[in-house]
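Asks: Take a look at the following structure, please.
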Amino acid sequence: MQAAQYIGNKSFKIIEASPVAPADDEVRLNVGYVGICGTDMHIYHGVMDQRVNPPHTIGHEISGTIAELGKNVSGYSVGERVVVRPLDWCGDCPACDAGHTHVCQNLKFMGIDTPGAFQNSWTVKSRTLHKLPANVSLKQGALIEPLSVACHDISRSRLKAGEKAVVIGGGPIGQLVALVAKSVGAEVIISEPNESRRSFSNKFDIPTVNPIEQDLAQYVQDWTNGKGADVVFEVSGVQPAVDSMVQVAAVRGRICMVAIHAQKPQVDLFQFFWKELELLGARVYEHADFDMAIELVAAGKIDLEPFITSISDLENISNAFASMDNNPIGMKALVSCEEKLNG
């Protein structure tokens, strides 16, 4: 089989490899599609070399088909289509003991800390699998992981029907957060300076604000009749967004921190005191978030097809990353990792 290895300096090489036979509690997958996410792009830019230790096979937004079962695996069959929740938790730390395995204190993120999915065959623990319904394609399946991030954000925020939410940042995750917010019956707007991303929101009838040309705080005041937003999602990772999130939040509003900030931001803590605000961290996802994401797609409540910007073969993975690097308005690039048979 073939595998793509990130070798540093924005470069990949395709190597010949052998499928890994599953251990007793593992499953070997024929990989279908793998999405390129923001973390993969950070790896591509070299800022995570010390963590990934190239050469290394990355990739974690994956759909595939079960090819082989470990002898102790039950509940799955060869040929079933699945997605992977790419978290490898220890099960012994205080976080795991409390049931928070997704933020395990010894967590290994598959495709970053351990070998990932940019290969024809990937062997993983069966506990990480979720079955795909018949009406959800493998292409859509590769986007279940980022949709699960959005589901977790909504869960952490406690957003409910009838509430008003502001999403600051209209990239792929911000757009998905807005869609999940709509699915639970909330009203939502997106703050995004990029015109193309605002246009993308229009496909889903989500109102947008250009915070460079419009006063976001005043817009929210008018939109909420002076109350402010019940929930604010900070998804952009920049200082102006941190400034805005406390300005637009209502009294006793909830702010969900989704973005990873490269530099320590300044936060107006006086507003937390004055308005009794809550700040909630949201990291990756839990089992229930994957189930929710799959259900939303299967029920037709969220259409993931518009998010697919491009599809490339594994052999062309370098071009796929380069294209996304030169296309900051792109949403999701998929890499087809299905093995090409000769003859």
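We label chains A, B, ... in the order they appear in the structure tokens, count residues from 1 in each chain, and number ligands from 1 in the order shown.
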Give the strand (DSSP E) residues of range 177-296 of chain A, as DSSP finds them on the backbone, and put them as a list in words.

Replies: Glu187, Val188, Ile189, Ile190, Ser191, Thr208, Val209, Ala229, Asp230, Val231, Val232, Phe233, Glu234, Ala249, Ala250, Val251, Arg252, Gly253, Arg254, Ile255, Cys256, Met257, Glu278, Leu279, Leu280 and Gly281 of chain A

Asks: List as a ChimeraX atom specification the protein and nucleic acid residues near range 249-255 of chain A, meaning an atom at most 8 Å away when only C-alpha atoms are counted, but skip any in the same chain fewer than 6 places from it.

Replies: /A:157,227-234,275-280

Asks: Have a look at A:Asp24, A:Asp49, A:Asp222, A:Glu187 and name the one nearest to Gly8 in chain A; count only C-alpha atoms.

Replies: A:Asp49

Asks: Range 101-104 of chain A: which residues within 8 Å, counting only C-alpha atoms, same-chain residues fewer than 5 positions away excluded, as a PDB file with all heavy atoms, in the first residue's frame?

Replies:
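Output saved as selection_37.pdb:
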ATOM      1  N   LEU A  87      -9.043  10.203  18.994  1.00  0.00           N
ATOM      2  CA  LEU A  87      -8.502  10.476  20.319  1.00  0.00           C
ATOM      3  C   LEU A  87      -8.095   9.167  20.982  1.00  0.00           C
ATOM      4  O   LEU A  87      -8.885   8.219  21.037  1.00  0.00           O
ATOM      5  CB  LEU A  87      -9.541  11.191  21.191  1.00  0.00           C
ATOM      6  CG  LEU A  87     -10.159  12.471  20.631  1.00  0.00           C
ATOM      7  CD1 LEU A  87     -11.198  13.026  21.611  1.00  0.00           C
ATOM      8  CD2 LEU A  87      -9.089  13.515  20.321  1.00  0.00           C
ATOM      9  N   TRP A  89      -7.024   7.966  24.514  1.00  0.00           N
ATOM     10  CA  TRP A  89      -6.945   8.359  25.913  1.00  0.00           C
ATOM     11  C   TRP A  89      -6.400   7.225  26.763  1.00  0.00           C
ATOM     12  O   TRP A  89      -6.480   6.059  26.386  1.00  0.00           O
ATOM     13  CB  TRP A  89      -8.312   8.814  26.419  1.00  0.00           C
ATOM     14  CG  TRP A  89      -9.394   7.781  26.332  1.00  0.00           C
ATOM     15  CD1 TRP A  89      -9.781   6.909  27.297  1.00  0.00           C
ATOM     16  CD2 TRP A  89     -10.241   7.513  25.194  1.00  0.00           C
ATOM     17  NE1 TRP A  89     -10.810   6.110  26.857  1.00  0.00           N
ATOM     18  CE2 TRP A  89     -11.116   6.459  25.571  1.00  0.00           C
ATOM     19  CE3 TRP A  89     -10.347   8.051  23.915  1.00  0.00           C
ATOM     20  CZ2 TRP A  89     -12.076   5.943  24.702  1.00  0.00           C
ATOM     21  CZ3 TRP A  89     -11.301   7.537  23.047  1.00  0.00           C
ATOM     22  CH2 TRP A  89     -12.153   6.501  23.431  1.00  0.00           C
ATOM     23  N   CYS A  90      -5.870   7.591  27.954  1.00  0.00           N
ATOM     24  CA  CYS A  90      -5.174   6.592  28.766  1.00  0.00           C
ATOM     25  C   CYS A  90      -6.118   5.765  29.625  1.00  0.00           C
ATOM     26  O   CYS A  90      -5.862   4.601  29.913  1.00  0.00           O
ATOM     27  CB  CYS A  90      -4.108   7.258  29.639  1.00  0.00           C
ATOM     28  SG  CYS A  90      -4.759   8.215  31.049  1.00  0.00           S
ATOM     29  N   GLY A  91      -7.215   6.374  30.100  1.00  0.00           N
ATOM     30  CA  GLY A  91      -8.166   5.669  30.948  1.00  0.00           C
ATOM     31  C   GLY A  91      -7.798   5.614  32.406  1.00  0.00           C
ATOM     32  O   GLY A  91      -8.561   5.062  33.218  1.00  0.00           O
ATOM     33  N   CYS A  93      -6.003   8.515  34.181  1.00  0.00           N
ATOM     34  CA  CYS A  93      -5.720   9.809  34.810  1.00  0.00           C
ATOM     35  C   CYS A  93      -6.977  10.365  35.478  1.00  0.00           C
ATOM     36  O   CYS A  93      -8.089   9.856  35.266  1.00  0.00           O
ATOM     37  CB  CYS A  93      -5.193  10.792  33.767  1.00  0.00           C
ATOM     38  SG  CYS A  93      -6.431  11.309  32.548  1.00  0.00           S
ATOM     39  N   PRO A  94      -6.858  11.423  36.290  1.00  0.00           N
ATOM     40  CA  PRO A  94      -8.045  12.006  36.929  1.00  0.00           C
ATOM     41  C   PRO A  94      -9.115  12.459  35.945  1.00  0.00           C
ATOM     42  O   PRO A  94     -10.312  12.305  36.208  1.00  0.00           O
ATOM     43  CB  PRO A  94      -7.465  13.194  37.707  1.00  0.00           C
ATOM     44  CG  PRO A  94      -6.077  12.772  38.043  1.00  0.00           C
ATOM     45  CD  PRO A  94      -5.613  11.998  36.842  1.00  0.00           C
ATOM     46  N   ALA A  95      -8.713  13.011  34.800  1.00  0.00           N
ATOM     47  CA  ALA A  95      -9.708  13.441  33.814  1.00  0.00           C
ATOM     48  C   ALA A  95     -10.488  12.252  33.275  1.00  0.00           C
ATOM     49  O   ALA A  95     -11.718  12.296  33.153  1.00  0.00           O
ATOM     50  CB  ALA A  95      -9.025  14.193  32.669  1.00  0.00           C
ATOM     51  N   CYS A  96      -9.783  11.166  32.949  1.00  0.00           N
ATOM     52  CA  CYS A  96     -10.467   9.968  32.465  1.00  0.00           C
ATOM     53  C   CYS A  96     -11.361   9.363  33.545  1.00  0.00           C
ATOM     54  O   CYS A  96     -12.488   8.939  33.269  1.00  0.00           O
ATOM     55  CB  CYS A  96      -9.449   8.937  31.986  1.00  0.00           C
ATOM     56  SG  CYS A  96      -8.635   9.332  30.418  1.00  0.00           S
ATOM     57  N   ARG A 283     -12.843  22.026  23.794  1.00  0.00           N
ATOM     58  CA  ARG A 283     -11.726  21.355  23.125  1.00  0.00           C
ATOM     59  C   ARG A 283     -12.203  20.046  22.505  1.00  0.00           C
ATOM     60  O   ARG A 283     -12.861  19.239  23.164  1.00  0.00           O
ATOM     61  CB  ARG A 283     -10.607  21.092  24.143  1.00  0.00           C
ATOM     62  CG  ARG A 283      -9.390  20.381  23.579  1.00  0.00           C
ATOM     63  CD  ARG A 283      -8.370  20.152  24.686  1.00  0.00           C
ATOM     64  NE  ARG A 283      -7.326  19.222  24.269  1.00  0.00           N
ATOM     65  CZ  ARG A 283      -6.519  18.575  25.110  1.00  0.00           C
ATOM     66  NH1 ARG A 283      -6.631  18.767  26.419  1.00  0.00           N
ATOM     67  NH2 ARG A 283      -5.611  17.735  24.654  1.00  0.00           N
ATOM     68  N   VAL A 284     -11.899  19.846  21.289  1.00  0.00           N
ATOM     69  CA  VAL A 284     -12.251  18.660  20.489  1.00  0.00           C
ATOM     70  C   VAL A 284     -13.711  18.246  20.676  1.00  0.00           C
ATOM     71  O   VAL A 284     -14.617  19.049  20.453  1.00  0.00           O
ATOM     72  CB  VAL A 284     -11.254  17.489  20.691  1.00  0.00           C
ATOM     73  CG1 VAL A 284      -9.913  17.863  20.094  1.00  0.00           C
ATOM     74  CG2 VAL A 284     -11.089  17.071  22.144  1.00  0.00           C
ATOM     75  N   TYR A 285     -13.979  16.999  21.130  1.00  0.00           N
ATOM     76  CA  TYR A 285     -15.330  16.449  21.103  1.00  0.00           C
ATOM     77  C   TYR A 285     -15.401  15.219  21.981  1.00  0.00           C
ATOM     78  O   TYR A 285     -14.394  14.618  22.355  1.00  0.00           O
ATOM     79  CB  TYR A 285     -15.719  16.054  19.671  1.00  0.00           C
ATOM     80  CG  TYR A 285     -14.516  15.712  18.816  1.00  0.00           C
ATOM     81  CD1 TYR A 285     -13.677  14.635  19.121  1.00  0.00           C
ATOM     82  CD2 TYR A 285     -14.151  16.516  17.749  1.00  0.00           C
ATOM     83  CE1 TYR A 285     -12.544  14.367  18.378  1.00  0.00           C
ATOM     84  CE2 TYR A 285     -13.019  16.255  16.994  1.00  0.00           C
ATOM     85  CZ  TYR A 285     -12.226  15.182  17.312  1.00  0.00           C
ATOM     86  OH  TYR A 285     -11.083  14.919  16.589  1.00  0.00           O
ATOM     87  N   GLU A 286     -16.651  14.845  22.284  1.00  0.00           N
ATOM     88  CA  GLU A 286     -16.934  13.626  23.029  1.00  0.00           C
ATOM     89  C   GLU A 286     -17.713  12.656  22.137  1.00  0.00           C
ATOM     90  O   GLU A 286     -18.118  12.990  21.021  1.00  0.00           O
ATOM     91  CB  GLU A 286     -17.726  13.968  24.302  1.00  0.00           C
ATOM     92  CG  GLU A 286     -16.963  14.890  25.247  1.00  0.00           C
ATOM     93  CD  GLU A 286     -17.754  15.246  26.489  1.00  0.00           C
ATOM     94  OE1 GLU A 286     -17.874  14.359  27.377  1.00  0.00           O
ATOM     95  OE2 GLU A 286     -18.253  16.385  26.581  1.00  0.00           O
TER      96      GLU A 286
END

Asks: At most 10 Å is the cut-off: for each residue in range 188-210 of chain A with any atom that close to an atom of range 317-332 of chain A, write down the nearest atom pair and the distance in Å rounded to one decimal, counting only C-alpha atoms, chain first then increasing number, as a tab-separated table.

Replies:
residue	atom	partner	partner_atom	distance
A:Asn194	CA	A:Ile329	CA	7.9
A:Glu195	CA	A:Ile329	CA	9.1
A:Ser196	CA	A:Ile329	CA	6.5
A:Arg197	CA	A:Ile329	CA	6.5
A:Phe200	CA	A:Met331	CA	9.3

Asks: List the spatial neighbours of Ser18 in chain A as a list of chain:residue names - criterion: any atom at most 12 Å away, only C-alpha atoms, same-chain residues fewer than 6 positions off excluded.

Replies: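 Using only C-alpha atoms, the neighbours found are A:Met1, A:Gln2, A:Ala3, A:Arg28, A:Gln119, A:Asn120, A:Ser121, A:Trp122, A:Thr123.
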
Asks: For Glu80 in chain A, which residue among A:His45, A:His100, A:Arg51, A:His130 is the nearest when counting only C-alpha atoms?

Replies: A:His130

Asks: Between A:Pro54, A:Gly141, A:Gly64, A:Gly111, single out the one closest to Gly79 in chain A, counting only C-alpha atoms.

Replies: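 Of A:Pro54, A:Gly141, A:Gly64, A:Gly111, the one nearest Gly79 in chain A is A:Gly64, counting only C-alpha atoms.
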
Asks: What does the distance from CA of Phe204 in chain A to CA of Met292 in chain A come to in Å, to one decimal?

Replies: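 Computing the Euclidean distance for CA of Phe204 in chain A and CA of Met292 in chain A yields 19.4 Å.
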